[in-house]
Structures are given as structure tokens and as C-alpha cells.
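S.K.: Contents are mmCIF, C-alpha atoms; file name structure.cif:
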data_my_file
#
loop_
_atom_site.label_atom_id
_atom_site.label_comp_id
_atom_site.auth_asym_id
_atom_site.auth_seq_id
_atom_site.Cartn_x
_atom_site.Cartn_y
_atom_site.Cartn_z
CA MET A 11 -4.17 -156.43 132.45
CA SER A 12 -1.14 -154.70 130.94
CA GLN A 13 1.62 -153.54 133.23
CA LEU A 14 2.40 -149.87 133.71
CA ILE A 15 5.54 -148.82 131.85
CA GLN A 16 8.37 -148.13 134.27
CA ASP A 17 9.58 -144.58 133.73
CA THR A 18 13.17 -143.45 134.04
CA PRO A 19 14.32 -140.38 135.99
CA LEU A 20 15.27 -137.14 134.34
CA ILE A 21 19.05 -137.17 133.95
CA VAL A 22 20.94 -133.94 133.24
CA ALA A 23 24.74 -133.92 133.19
CA GLY A 24 24.78 -137.15 135.18
CA ARG A 25 22.41 -135.84 137.86
CA ARG A 26 19.20 -137.79 138.45
CA PHE A 27 15.94 -136.01 139.29
CA ALA A 28 12.64 -137.59 140.24
CA SER A 29 10.58 -134.55 139.19
CA ARG A 30 10.45 -133.26 135.63
CA LEU A 31 9.14 -129.89 136.77
CA LEU A 32 11.75 -127.18 137.34
CA VAL A 33 10.66 -123.95 138.98
CA GLY A 34 11.87 -120.41 139.48
CA THR A 35 11.95 -118.25 142.59
CA GLY A 36 11.01 -114.79 141.32
CA LYS A 37 7.80 -112.75 141.46
CA TYR A 38 6.38 -114.19 144.70
CA ARG A 39 5.12 -111.94 147.50
CA ASP A 40 7.85 -113.10 149.86
CA PHE A 41 10.16 -116.01 150.61
CA ASP A 42 7.47 -117.76 152.67
CA GLU A 43 5.19 -117.98 149.63
CA THR A 44 8.19 -119.00 147.52
CA ALA A 45 8.98 -121.89 149.84
CA SER A 46 5.36 -123.06 150.04
CA ALA A 47 4.81 -122.99 146.28
CA ILE A 48 8.06 -124.77 145.50
CA ALA A 49 7.29 -127.47 148.04
CA ALA A 50 3.82 -127.96 146.52
CA SER A 51 5.33 -128.26 143.03
CA GLY A 52 7.39 -131.28 144.01
CA ALA A 53 10.32 -129.84 142.05
CA ASP A 54 13.87 -131.01 142.65
CA VAL A 55 15.53 -128.21 140.67
CA VAL A 56 15.07 -124.55 141.56
CA THR A 57 16.46 -121.74 139.43
CA PHE A 58 17.22 -118.18 140.46
CA ALA A 59 18.70 -115.04 138.92
CA VAL A 60 22.22 -114.61 140.25
CA ARG A 61 22.17 -110.84 139.71
CA ARG A 62 18.95 -110.33 141.68
CA THR A 63 19.24 -112.81 144.52
CA ASN A 64 20.86 -112.62 147.93
CA LEU A 65 22.67 -115.85 148.75
CA GLY A 66 24.33 -114.40 151.81
CA GLN A 67 26.49 -111.81 150.10
CA ASN A 68 24.22 -109.09 151.52
CA PRO A 69 24.16 -109.61 155.30
CA GLY A 70 20.96 -108.57 157.03
CA GLU A 71 18.77 -109.11 153.95
CA PRO A 72 16.48 -112.12 153.39
CA ASN A 73 18.52 -115.04 152.07
CA LEU A 74 17.05 -117.31 149.39
CA LEU A 75 18.91 -120.29 150.81
CA ASP A 76 16.78 -120.08 153.97
CA ALA A 77 13.65 -120.69 151.86
CA VAL A 78 15.24 -123.06 149.34
CA PRO A 79 17.91 -125.02 151.20
CA PRO A 80 20.57 -126.69 149.04
CA SER A 81 20.23 -129.79 151.21
CA ARG A 82 16.75 -130.30 149.75
CA TYR A 83 16.93 -128.80 146.27
CA THR A 84 19.39 -128.66 143.40
CA LEU A 85 20.08 -125.00 142.77
CA LEU A 86 20.23 -123.80 139.18
CA PRO A 87 21.73 -120.30 139.02
CA ASN A 88 20.73 -118.47 135.84
CA THR A 89 22.01 -115.47 133.92
CA ALA A 90 18.72 -113.56 133.66
CA GLY A 91 19.37 -109.91 132.88
CA CYS A 92 22.48 -110.57 130.77
CA TYR A 93 22.60 -109.22 127.23
CA THR A 94 26.12 -110.22 126.20
CA ALA A 95 28.14 -113.42 126.32
CA ARG A 96 30.74 -111.67 128.44
CA ASP A 97 28.24 -110.70 131.14
CA ALA A 98 26.69 -114.17 131.14
CA VAL A 99 30.06 -115.87 131.59
CA ARG A 100 31.00 -113.47 134.39
CA THR A 101 27.68 -114.15 136.13
CA CYS A 102 28.14 -117.92 135.98
CA LYS A 103 31.61 -117.58 137.47
CA LEU A 104 30.16 -115.47 140.28
CA ALA A 105 27.56 -118.16 140.96
CA ARG A 106 30.25 -120.84 141.09
CA GLU A 107 32.15 -118.77 143.64
CA LEU A 108 29.09 -118.06 145.80
CA LEU A 109 28.00 -121.72 145.75
CA ASP A 110 31.37 -123.29 146.49
CA GLY A 111 32.20 -124.66 143.07
CA HIS A 112 28.67 -125.49 141.86
CA ASN A 113 28.91 -125.84 138.08
CA LEU A 114 25.34 -126.55 136.88
CA VAL A 115 23.96 -123.33 135.40
CA LYS A 116 21.14 -122.10 133.23
CA LEU A 117 22.43 -119.84 130.48
CA GLU A 118 20.23 -117.15 129.00
CA VAL A 119 21.46 -114.20 126.99
CA LEU A 120 18.68 -111.82 126.03
CA GLY A 121 18.34 -109.77 122.88
CA ASP A 122 16.31 -106.88 124.30
CA ASP A 123 14.32 -105.93 127.36
CA LYS A 124 10.96 -105.77 125.57
CA THR A 125 10.58 -109.29 124.17
CA LEU A 126 13.25 -111.00 126.34
CA TYR A 127 13.90 -113.10 123.25
CA PRO A 128 17.24 -114.90 123.28
CA ASN A 129 20.19 -113.46 121.39
CA VAL A 130 21.32 -116.71 119.81
CA VAL A 131 24.67 -115.35 118.57
CA GLU A 132 25.71 -114.29 122.08
CA THR A 133 24.18 -117.45 123.55
CA LEU A 134 26.26 -119.68 121.29
CA ALA A 135 29.44 -117.80 122.21
CA ALA A 136 28.73 -117.93 125.94
CA ALA A 137 27.83 -121.62 125.81
CA GLU A 138 31.13 -122.54 124.18
CA THR A 139 33.14 -120.53 126.71
CA LEU A 140 31.30 -121.94 129.71
CA VAL A 141 31.50 -125.57 128.57
CA ASN A 142 35.23 -125.17 127.98
CA ASP A 143 35.53 -123.78 131.52
CA GLY A 144 33.94 -126.86 133.06
CA PHE A 145 30.34 -125.71 133.47
CA ASP A 146 27.34 -127.95 132.87
CA VAL A 147 25.17 -125.67 130.77
CA MET A 148 21.39 -125.86 130.45
CA VAL A 149 20.56 -123.27 127.83
CA TYR A 150 17.51 -121.11 127.12
CA THR A 151 17.11 -120.67 123.39
CA SER A 152 14.71 -119.90 120.58
CA ASP A 153 12.57 -122.66 119.07
CA ASP A 154 14.89 -122.86 116.06
CA PRO A 155 15.94 -126.50 115.50
CA ILE A 156 19.24 -125.47 113.89
CA VAL A 157 20.26 -123.29 116.83
CA ALA A 158 19.21 -126.00 119.29
CA LYS A 159 21.43 -128.53 117.52
CA GLU A 160 24.36 -126.10 117.43
CA LEU A 161 24.08 -125.58 121.19
CA GLU A 162 24.08 -129.33 121.69
CA LYS A 163 27.19 -129.64 119.51
CA ARG A 164 28.93 -127.07 121.72
CA GLY A 165 28.42 -129.35 124.70
CA CYS A 166 25.29 -128.01 126.42
CA CYS A 167 23.80 -130.69 128.66
CA ALA A 168 20.19 -129.63 127.97
CA VAL A 169 18.47 -127.34 125.49
CA MET A 170 15.51 -125.28 126.66
CA PRO A 171 13.51 -123.77 123.79
CA LEU A 172 10.86 -121.22 124.65
CA GLY A 173 7.21 -122.14 124.33
CA SER A 174 6.37 -118.45 123.90
CA LEU A 175 7.74 -115.20 125.28
CA ILE A 176 8.95 -115.16 128.89
CA GLY A 177 6.10 -114.34 131.25
CA SER A 178 3.50 -114.21 128.46
CA GLY A 179 1.49 -117.26 129.50
CA ASN A 180 0.68 -117.99 125.85
CA GLY A 181 1.65 -121.65 125.99
CA LEU A 182 3.26 -123.55 123.10
CA LEU A 183 2.91 -121.35 120.02
CA ASN A 184 5.11 -123.41 117.68
CA PRO A 185 4.63 -127.12 118.44
CA ALA A 186 5.82 -128.05 114.94
CA THR A 187 9.31 -126.62 115.46
CA LEU A 188 9.43 -128.02 118.98
CA ALA A 189 8.68 -131.45 117.52
CA ILE A 190 11.69 -131.13 115.19
CA ILE A 191 13.95 -130.21 118.10
CA LEU A 192 12.69 -133.24 120.03
CA GLU A 193 13.23 -135.55 117.07
CA GLN A 194 16.85 -134.60 116.53
CA ALA A 195 18.06 -133.95 120.09
CA GLU A 196 20.47 -136.25 121.89
CA VAL A 197 20.32 -134.30 125.15
CA PRO A 198 17.28 -133.50 127.31
CA VAL A 199 14.84 -130.95 125.89
CA LEU A 200 12.88 -128.85 128.38
CA VAL A 201 10.36 -126.15 127.53
CA ASP A 202 11.39 -122.89 129.17
CA ALA A 203 9.15 -119.80 129.10
CA GLY A 204 5.57 -119.11 128.10
CA ILE A 205 3.71 -121.74 130.11
CA GLY A 206 0.43 -120.28 131.37
CA THR A 207 -1.55 -123.09 132.92
CA ALA A 208 -1.54 -126.81 133.60
CA SER A 209 -2.74 -127.86 130.14
CA ASP A 210 0.27 -126.10 128.55
CA ALA A 211 2.64 -128.10 130.72
CA ALA A 212 0.80 -131.36 130.03
CA LEU A 213 0.95 -130.75 126.27
CA ALA A 214 4.71 -130.20 126.38
CA MET A 215 5.15 -133.49 128.22
CA GLU A 216 2.75 -135.35 125.91
CA MET A 217 4.91 -134.24 122.98
CA GLY A 218 7.91 -135.93 124.58
CA CYS A 219 9.71 -133.07 126.30
CA ASP A 220 11.94 -134.24 129.11
CA GLY A 221 10.73 -131.52 131.44
CA VAL A 222 9.32 -128.02 131.81
CA LEU A 223 10.72 -124.99 133.61
CA MET A 224 8.32 -122.29 134.77
CA ASN A 225 8.02 -119.38 137.16
CA SER A 226 5.37 -116.81 136.19
CA ALA A 227 2.64 -119.39 135.62
CA ILE A 228 2.84 -120.31 139.30
CA ALA A 229 3.88 -117.04 140.92
CA HIS A 230 1.33 -114.92 139.02
CA ALA A 231 -1.61 -117.24 139.65
CA ARG A 232 -4.18 -115.92 142.12
CA HIS A 233 -3.36 -118.90 144.34
CA PRO A 234 0.29 -119.81 143.65
CA VAL A 235 0.51 -122.83 145.97
CA MET A 236 -2.59 -124.38 144.43
CA MET A 237 -1.26 -123.73 140.92
CA ALA A 238 2.08 -125.29 141.86
CA ASN A 239 0.25 -128.43 142.89
CA ALA A 240 -1.73 -128.39 139.63
CA MET A 241 1.49 -128.07 137.62
CA ARG A 242 2.99 -131.05 139.44
CA LYS A 243 -0.01 -133.18 138.46
CA ALA A 244 0.04 -131.88 134.88
CA ILE A 245 3.68 -132.80 134.41
CA GLU A 246 3.06 -136.29 135.78
CA ALA A 247 -0.09 -136.81 133.68
CA GLY A 248 1.55 -135.55 130.50
CA ARG A 249 4.54 -137.81 131.00
CA GLU A 250 2.33 -140.85 131.57
CA ALA A 251 0.30 -140.02 128.46
CA PHE A 252 3.52 -139.81 126.42
CA LEU A 253 4.70 -143.17 127.71
CA ALA A 254 1.28 -144.73 127.10
CA GLU A 255 1.39 -143.59 123.42
CA ARG A 256 -1.86 -141.96 122.38
CA MET A 257 -4.33 -143.50 119.94
CA PRO A 258 -3.92 -142.62 116.25
CA ARG A 259 -5.83 -139.63 114.97
CA ARG A 260 -8.57 -140.58 112.49
CA GLN A 261 -10.56 -138.69 109.86
CA SER A 262 -13.70 -140.75 110.49
CA ALA A 263 -15.57 -141.99 113.52
CA SER A 264 -14.73 -145.31 115.13
CA PRO A 265 -17.31 -146.75 117.56
CA SER A 266 -16.22 -147.49 121.09
CA SER A 267 -18.39 -150.61 121.16
CA PRO A 268 -18.29 -153.25 118.38
CA PHE A 269 -21.37 -153.93 116.28
CA ALA A 270 -20.72 -157.67 116.08
CA GLY A 271 -22.83 -159.70 118.49
CA ARG A 272 -25.14 -156.84 119.40
CA ILE A 273 -28.73 -157.47 120.44
CA ASN A 274 -31.18 -156.44 117.73
CA GLY A 275 -34.45 -154.84 118.80
#
Produce C-alpha cells that represent the structure in this file.
M.R.:
Amino acid sequence: MSQLIQDTPLIVAGRRFASRLLVGTGKYRDFDETASAIAASGADVVTFAVRRTNLGQNPGEPNLLDAVPPSRYTLLPNTAGCYTARDAVRTCKLARELLDGHNLVKLEVLGDDKTLYPNVVETLAAAETLVNDGFDVMVYTSDDPIVAKELEKRGCCAVMPLGSLIGSGNGLLNPATLAIILEQAEVPVLVDAGIGTASDAALAMEMGCDGVLMNSAIAHARHPVMMANAMRKAIEAGREAFLAERMPRRQSASPSSPFAGRING
């Protein structure tokens, strides 16, 4: 009997994570549901929009840190809602101040408020500024292999190409370009945006992605906690399938049982 292949942890900017599922905190009914879903997901890394989240700067309002304590999770502040490099850089600096010097951030600079597609020109500029200022930058980007490589060259610690539009639930629309990004990357590649259900997450992992980040797929499910649990299993199954290395695809049938030695009637 062959031995199971020993997997390695996800490592981003020197940080080790047991789970390859990263989750967001938006769109839940309340912080109680947020906490329950995140716990069910098994995630180690939790991302949140700095501009829309109370981390204690608004006394008397619900505080995200009560539902997602930093003692249990690695917080990943993101720049959702930013449309220029300048705003994104300012937002990351605000997060570092609010979180006592925390420098791991998720950079996203959007092109418009209809598609929420990344503005790669502004993203590249912001990434360079943030890296030079000592931030560890995980970056949301298009599924363009050239742009992904340029972000890596600028020092980003992980590239996060979209699977499809943010919140669309359409899954991986361009697996061919994602495969090119995976082939050439020397930093972790995580799918960010567009995941709709567990099979989408499993496919990303089967392709060799280092992880998947999602929010809407869990929060917008009819039963978010159950979906979070399903996503945890999908990530684990997809990773194991990748490590196991799938059988070759064939153009003709191949019997499961050999003909040699069979009993003739």
C-alpha cells in the first residue's frame, strides 16, 4: 500500500498556515453568523475591508475583533473600495496603525463600481509603493499572466487572480490563463473572486493553486455555516487530488478490469 504524500503548509511572506482557505467577513447577517461561518470554514486567514469595518475606532458599535479575535486568526486588511493607488496606499497605512504595526495586507484597486475589475495600472503602482514601505502585499489582479508576473517582480508575496467577477459565483471562467500563471509563478497563487460553490474551489486546488479566498460564496448561501464547512472539505479534497496526480486523459476507453485470465463462459 502506497504511503500518503505529506503535504506542506501554505507559506506566505514567511507565515505558515494550516488551512488553504481564506475567507472574508462581509455580507453576513451579523457578527454572530460571521463568527460561526468562519469557524466552520477552518480558515486561518480572515480578510476585511478597512474602510467598512469597525476595529474599535468607533466606540459603541459592534467590533469585528470580538467575532474574529487576532489571537485565533491572522487578519488580512484589504483595500476594497479603493479606485486609485493613492487611496489604496493610504488605506493600508491606516490598517497598519489600527493593528499596531501589522504589515500583511491584501491590495485591490478597482477599475469601476460595476464590474469591480482590477485597475492593473493603479494596482502595479500601489504594489511597488507598499512593498518599498515594508508591507507584505497579497494582490488581487486580473487573470493576465503578464500582469501577474509583473506584480511578482515588484515584490508581492502572493498573486491572487480572479476566477470570475467579484460576487458573481461563476467559478473559474479562464482556466487556461490561470494555468499559465501557475506555471510561471514563484510565489503563492490563490484564486480570489468568483467562486460559487464547493466544486469551483476544488477545481482551483486540483489545478495547483496554493489557496482560495472567498466571501460571497459562503455568506450568500442559504445556509452559510453549512457552506463554509463544505468549502473546507472542497479545499482539502482538491489539494489531495492535486498531490495524488490525476490519471491521464484518454481518447478511448480503458477497462477497469484486465481481460487476461478472465473466466470464459
S.K.: Go through A:Arg249, A:His230, A:Arg256, A:Arg82 and flag the residue nearest Leu20 (chain A), using all atoms listed in the file for the distances.
M.R.: A:Arg249
S.K.: If we count all atoms listed in the file, what is near Gly218 (chain A) at a cut-off of 9 Å, once residues fewer than 4 positions away on the same chain are taken out, given as a list in words?
M.R.: Ala189, Leu192, Val199, Leu213, Ala214, Gly248, Arg249, Phe252 and Leu253 of chain A
S.K.: Evaluating the PyMOL selection byres ((chain A and resi 86) around 7) on the displayed file yields which residues, as a list in words?
M.R.: Val55, Val56, Thr57, Phe58, Thr84, Leu85, Pro87, Asn88, Leu114, Val115 and Lys116 of chain A
S.K.: Mind writing the picked residues with C-alpha atoms as a PDB file, in the coordinates of the input?
M.R.:
ATOM      1  CA  VAL A  55      15.530-128.210 140.670  1.00  0.00           C
ATOM      2  CA  VAL A  56      15.070-124.550 141.560  1.00  0.00           C
ATOM      3  CA  THR A  57      16.460-121.740 139.430  1.00  0.00           C
ATOM      4  CA  PHE A  58      17.220-118.180 140.460  1.00  0.00           C
ATOM      5  CA  THR A  84      19.390-128.660 143.400  1.00  0.00           C
ATOM      6  CA  LEU A  85      20.080-125.000 142.770  1.00  0.00           C
ATOM      7  CA  PRO A  87      21.730-120.300 139.020  1.00  0.00           C
ATOM      8  CA  ASN A  88      20.730-118.470 135.840  1.00  0.00           C
ATOM      9  CA  LEU A 114      25.340-126.550 136.880  1.00  0.00           C
ATOM     10  CA  VAL A 115      23.960-123.330 135.400  1.00  0.00           C
ATOM     11  CA  LYS A 116      21.140-122.100 133.230  1.00  0.00           C
TER      12      LYS A 116
END
S.K.: Write out as a list in words each polymer residue whose atoms come within 9 Å of Tyr93 (chain A), counting all atoms listed in the file; drop sequence neighbours fewer than 4 positions from it.
M.R.: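 So the residues in contact are Asp97, Ala98, Glu118, Val119, Leu120, Gly121, Asp122, Asp123, Pro128, Asn129 and Glu132 of chain A.
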S.K.: I'd like the residues picked by the PyMOL selection byres ((chain A and resi 168) around 10) written out as a list in words, using the chain letters and numbers from the file.
M.R.: Ile21, Val22, Ala23, Lys116, Asp146, Val147, Met148, Val149, Tyr150, Ala158, Leu161, Glu162, Gly165, Cys166, Cys167, Val169, Met170, Pro171, Ala195, Glu196, Val197, Pro198, Val199, Leu200 and Asp220 of chain A
S.K.: What is the CA of Arg164 (chain A)-CA of Ala136 (chain A) distance in Å, reported with one decimal?
M.R.: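 So the two atoms, CA of Arg164 (chain A) and CA of Ala136 (chain A), lie 10.1 Å apart.
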S.K.: When you draw a straight line from CA of Ala229 (chain A) to CA of Tyr38 (chain A), how long is it in Å?
M.R.: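 The value is 5.4 Å.
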S.K.: Any chance you could resolve the PyMOL selection byres ((chain A and resi 135) around 10) against this file and give the residues as a PDB file with C-alpha atoms, in the coordinates of the input?
M.R.:
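So the final result, stored in part08.pdb, reads:
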ATOM      1  CA  THR A  94      26.120-110.220 126.200  1.00  0.00           C
ATOM      2  CA  ALA A  95      28.140-113.420 126.320  1.00  0.00           C
ATOM      3  CA  ARG A  96      30.740-111.670 128.440  1.00  0.00           C
ATOM      4  CA  VAL A  99      30.060-115.870 131.590  1.00  0.00           C
ATOM      5  CA  VAL A 119      21.460-114.200 126.990  1.00  0.00           C
ATOM      6  CA  VAL A 130      21.320-116.710 119.810  1.00  0.00           C
ATOM      7  CA  VAL A 131      24.670-115.350 118.570  1.00  0.00           C
ATOM      8  CA  GLU A 132      25.710-114.290 122.080  1.00  0.00           C
ATOM      9  CA  THR A 133      24.180-117.450 123.550  1.00  0.00           C
ATOM     10  CA  LEU A 134      26.260-119.680 121.290  1.00  0.00           C
ATOM     11  CA  ALA A 136      28.730-117.930 125.940  1.00  0.00           C
ATOM     12  CA  ALA A 137      27.830-121.620 125.810  1.00  0.00           C
ATOM     13  CA  GLU A 138      31.130-122.540 124.180  1.00  0.00           C
ATOM     14  CA  THR A 139      33.140-120.530 126.710  1.00  0.00           C
ATOM     15  CA  LEU A 140      31.300-121.940 129.710  1.00  0.00           C
ATOM     16  CA  LEU A 161      24.080-125.580 121.190  1.00  0.00           C
ATOM     17  CA  ARG A 164      28.930-127.070 121.720  1.00  0.00           C
TER      18      ARG A 164
END
S.K.: Between CA of Phe145 (chain A) and CA of Thr101 (chain A), what is the spacing in Å?
M.R.: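 CA of Phe145 (chain A) lies at a distance of 12.2 Å from CA of Thr101 (chain A).
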S.K.: Which neighbours of Leu223 (chain A) fall inside 9 Å, counting all atoms listed in the file, when residues of the same chain fewer than 2 positions from it are skipped, and could you give them as a PDB file with C-alpha atoms, in the coordinates of the input?
M.R.:
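Here's the written file selection-v2.pdb:
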ATOM      1  CA  ARG A  30      10.450-133.260 135.630  1.00  0.00           C
ATOM      2  CA  LEU A  31       9.140-129.890 136.770  1.00  0.00           C
ATOM      3  CA  LEU A  32      11.750-127.180 137.340  1.00  0.00           C
ATOM      4  CA  VAL A  33      10.660-123.950 138.980  1.00  0.00           C
ATOM      5  CA  GLY A  34      11.870-120.410 139.480  1.00  0.00           C
ATOM      6  CA  THR A  57      16.460-121.740 139.430  1.00  0.00           C
ATOM      7  CA  MET A 170      15.510-125.280 126.660  1.00  0.00           C
ATOM      8  CA  LEU A 200      12.880-128.850 128.380  1.00  0.00           C
ATOM      9  CA  VAL A 201      10.360-126.150 127.530  1.00  0.00           C
ATOM     10  CA  ASP A 202      11.390-122.890 129.170  1.00  0.00           C
ATOM     11  CA  ALA A 203       9.150-119.800 129.100  1.00  0.00           C
ATOM     12  CA  ILE A 205       3.710-121.740 130.110  1.00  0.00           C
ATOM     13  CA  GLY A 221      10.730-131.520 131.440  1.00  0.00           C
ATOM     14  CA  ASN A 225       8.020-119.380 137.160  1.00  0.00           C
TER      15      ASN A 225
END
S.K.: Would you kindly return, as a list in words, each protein, DNA or RNA residue with an atom no farther than 9 Å from any atom of Ala212 (chain A), considering all atoms listed in the file and excluding same-chain residues fewer than 6 positions away?
M.R.: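 Counting only the stated atoms, we get Met241, Lys243, Ala244, Ile245, Glu246, Ala247, Gly248, Arg249 and Ala251 of chain A.
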S.K.: Can you tell me, as a PDB file with C-alpha atoms, keeping the file's coordinate frame, what residues are no more than 9 Å from Val235 (chain A) when counting only C-alpha atoms, ignoring any on the same chain fewer than 5 positions away?
M.R.:
ATOM      1  CA  GLU A  43       5.190-117.980 149.630  1.00  0.00           C
ATOM      2  CA  THR A  44       8.190-119.000 147.520  1.00  0.00           C
ATOM      3  CA  SER A  46       5.360-123.060 150.040  1.00  0.00           C
ATOM      4  CA  ALA A  47       4.810-122.990 146.280  1.00  0.00           C
ATOM      5  CA  ILE A  48       8.060-124.770 145.500  1.00  0.00           C
ATOM      6  CA  ALA A  49       7.290-127.470 148.040  1.00  0.00           C
ATOM      7  CA  ALA A  50       3.820-127.960 146.520  1.00  0.00           C
ATOM      8  CA  SER A  51       5.330-128.260 143.030  1.00  0.00           C
ATOM      9  CA  ILE A 228       2.840-120.310 139.300  1.00  0.00           C
ATOM     10  CA  ALA A 229       3.880-117.040 140.920  1.00  0.00           C
ATOM     11  CA  ALA A 240      -1.730-128.390 139.630  1.00  0.00           C
TER      12      ALA A 240
END
S.K.: Between A:Asp42, A:Asp54, A:Asp143, A:Asp76, which residue has the minimum interatomic distance to Cys102 (chain A), considering all atoms listed in the file?
M.R.: A:Asp143
S.K.: Of the candidates A:Thr89, A:Ala45, A:Glu71, A:Met237, which shows the shortest atom-to-atom distance to Ala59 (chain A), using all atoms listed in the file?
M.R.: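 Checking each of A:Thr89, A:Ala45, A:Glu71, A:Met237 against Ala59 (chain A), counting all atoms listed in the file, the winner is A:Thr89.
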